[in-house]
There are 2 protein chains.
Amino acid sequence: MARTVSERSDVLPLLAEAFREHGYEGASLALIGEATGLGRGSLYHFFPGGKEEMASAVLGEIEAWFETNIFRVLRTAEHPENALLQTLDATEEYFRSGRRICLVGAFALSDTRDRFSLSLRRYFSEWRAALEFALSKTGETPAEAATHAEEIVLSLQGALVLARALDDPGIFSRAIGRVRSRLPKARTKRRGGAPRLP
Amino acid sequence: MARTVSERSDVLPLLAEAFREHGYEGASLALIGEATGLGRGSLYHFFPGGKEEMASAVLGEIEAWFETNIFRVLRTAEHPENALLQTLDATEEYFRSGRRICLVGAFALSDTRDRFSLSLRRYFSEWRAALEFALSKTGETPAEAATHAEEIVLSLQGALVLARALDDPGIFSRAIGRVRSRLPKARTKRRGGAPRLP
DNA sequence: TAAAGCATGTACCGAACGATACAGTTTTCG
DNA sequence: CGAAAACTGTATCGTTCGGTACATGCTTTA
């Protein structure tokens, strides 16, 4: 009765969506099975550790995505001003302009926080550190950069909460816009090398 | 086997604490019974509607507290600048300087959002509206006041998320401080009567 | 003090939970 | 081809879930 070959990585997005919609406790195995199209057997084949391993894997993939598309970009950019704008765009797209919640933030406010505290800390502190690094490269003082970075992460998270509660994604877009407008201005002079995204 | 007379209002804070710690789904009746010291019988005597009514009552009490201590103060203050500072202090105290999460925010990010969507909307929109009103009375333009109010609520919520995730209450205190410093300055001149704003 | 009504603890219910066992089916590869 | 490995659906485990029933005892009224 086996079906076509599935890969663990294939079900991760579906799994993530299920946890996003229902939370850790709320996502029952029946629900997860429905969301992924997999039976309990398959689920436990891919994730022997059960529900906890499923959530852990989802968090891992989220971290990996942010590491690739946000943190690394901020850390390695030649032009930090452009990198900041670029990662802000990527963030807005990732959260579907406020229609999608941050699973990490949701976990942080739930009682699953303790279970995944390491992942949660890493996610937020890396984000903050990467922003801080890029901001300080734009010429902000260490103190300014630290405060500014913290405020950016916090604004995005708060905007997601509010957007969700008021069912108004515009709140998130506006918050992103405000963050963008407070960024150090990018140099207008474009050097000949490899121009960053427009 | 009855014990001393309890009042419904007596158990609400304990109930709130249980929901804060474990979330709606995570707070089982066994846990709630333990937290409140009440058996299922008493619980269902006070809250015939079961768990949903318990959570509803808790949200109601939270709303009432904010209405009294925050929203009304902002709406009826003679000196909005002072009211803003005062309610900010009250907010910091309420959230125990970042050590306590916002149950309403937590609910907003969980799958219980739909169940209590009305309460969640009311809480945040009243908060925002009250801030907006007070800010516009300080002389901010309607557009400025609206944006500013939204940003304050959002910052506080985001700070609570971050403080929880990073286990660093200081994040919340710093955020409050930043909000405070961006408030329109209160007039130092104190007139005897009831001074109106220009 | 006796009746009345409220408050409470205990036992219990069916349903759903997370998890496991296992047989059956497909894929892989020598 | 044929055996080993990978995969998946079903049945079922023991537990816990939210919720109910009810007898017992306390507090209040008279």
# chains A, B, ... in the order shown; residues from 1 in each chain; ligands from 1
>>> interface_residues(of="chain C", to="chain B", cutoff="9 Å", atoms="only C-alpha atoms (C1' of nucleotides)", output="compact mmCIF listing (two decimals) with C-alpha atoms (C1' of nucleotides), in the first residue's frame")
# COMPACT_ATOMS: atom_id res chain seq x y z
C1' DA C 7 -20.48 25.03 46.94
C1' DT C 8 -17.57 21.18 46.40
C1' DG C 9 -15.07 16.49 45.85
>>> calpha_fit_rmsd(fixed="chain A", moving="chain B")
2.4 Å
>>> atom_distance(atom1="CA of Ser136 (chain A)", atom2="CA of Arg72 (chain A)")
15.5 Å
>>> interface_residues(of="chain A", to="chain B", cutoff="6 Å", atoms="only C-alpha atoms", output="list in words")
His22, Gly23, Ala106, Ala108, Leu109, Ser110, Asp111, Leu120, Arg121, Leu154, Ser155, Gln157, Gly158, Ala159, Ala165 and Leu166 of chain A
>>> select_by_dssp(residues="region 23-192 of chain A", states="alpha helix (DSSP H)", output="PyMOL selection string")
chain A and resi 23-26+29-36+40-46+51-66+72-76+80-94+103-109+117-137+142-166+170-181
>>> atom_distance(atom1="C1' of DG2 (chain D)", atom2="C1' of DC22 (chain C)")
23.1 Å
>>> interface_residues(of="chain D", to="chain A", cutoff="8 Å", atoms="only C-alpha atoms (C1' of nucleotides)", output="VMD selection string")
chain D and resid 7 to 9
>>> write_last_selection(atoms="N, CA and C atoms (P, O5', C5', C4', C3', O3' and C1' of nucleotides)", output="mmCIF file, in the first residue's frame")
data_model
loop_
_atom_site.group_PDB
_atom_site.id
_atom_site.type_symbol
_atom_site.label_atom_id
_atom_site.label_comp_id
_atom_site.auth_asym_id
_atom_site.auth_seq_id
_atom_site.Cartn_x
_atom_site.Cartn_y
_atom_site.Cartn_z
ATOM 1 P P DC D 7 12.543 5.797 2.590
ATOM 2 O "O5'" DC D 7 10.978 5.519 2.600
ATOM 3 C "C5'" DC D 7 10.310 5.319 1.351
ATOM 4 C "C4'" DC D 7 8.960 4.699 1.587
ATOM 5 C "C3'" DC D 7 7.979 5.506 2.446
ATOM 6 O "O3'" DC D 7 6.997 6.041 1.585
ATOM 7 C "C1'" DC D 7 7.818 3.152 2.807
ATOM 8 P P DT D 8 5.981 7.086 2.091
ATOM 9 O "O5'" DT D 8 4.750 6.183 2.544
ATOM 10 C "C5'" DT D 8 4.067 5.408 1.579
ATOM 11 C "C4'" DT D 8 2.993 4.568 2.248
ATOM 12 C "C3'" DT D 8 2.069 5.326 3.205
ATOM 13 O "O3'" DT D 8 0.738 5.054 2.838
ATOM 14 C "C1'" DT D 8 2.837 3.340 4.196
ATOM 15 P P DG D 9 -0.437 6.016 3.297
ATOM 16 O "O5'" DG D 9 -1.519 4.947 3.808
ATOM 17 C "C5'" DG D 9 -1.826 3.836 2.976
ATOM 18 C "C4'" DG D 9 -2.616 2.795 3.752
ATOM 19 C "C3'" DG D 9 -3.717 3.355 4.648
ATOM 20 O "O3'" DG D 9 -4.853 2.521 4.529
ATOM 21 C "C1'" DG D 9 -2.116 2.133 5.966
#
>>> atom_distance(atom1="CA of Pro13 (chain A)", atom2="CA of Leu59 (chain A)")
10.6 Å
>>> residues_around(residues="Asp89 (chain B)", least_positions_apart="6", cutoff="10 Å", atoms="only C-alpha atoms (C1' of nucleotides)", output="PyMOL selection string")
chain B and resi 70+83+97+176-177+180
>>> residues_around(residues="DA16 (chain C)", least_positions_apart="3", cutoff="10 Å", atoms="only C-alpha atoms (C1' of nucleotides)", output="ChimeraX atom specification")
/A:28,30 /D:16-17
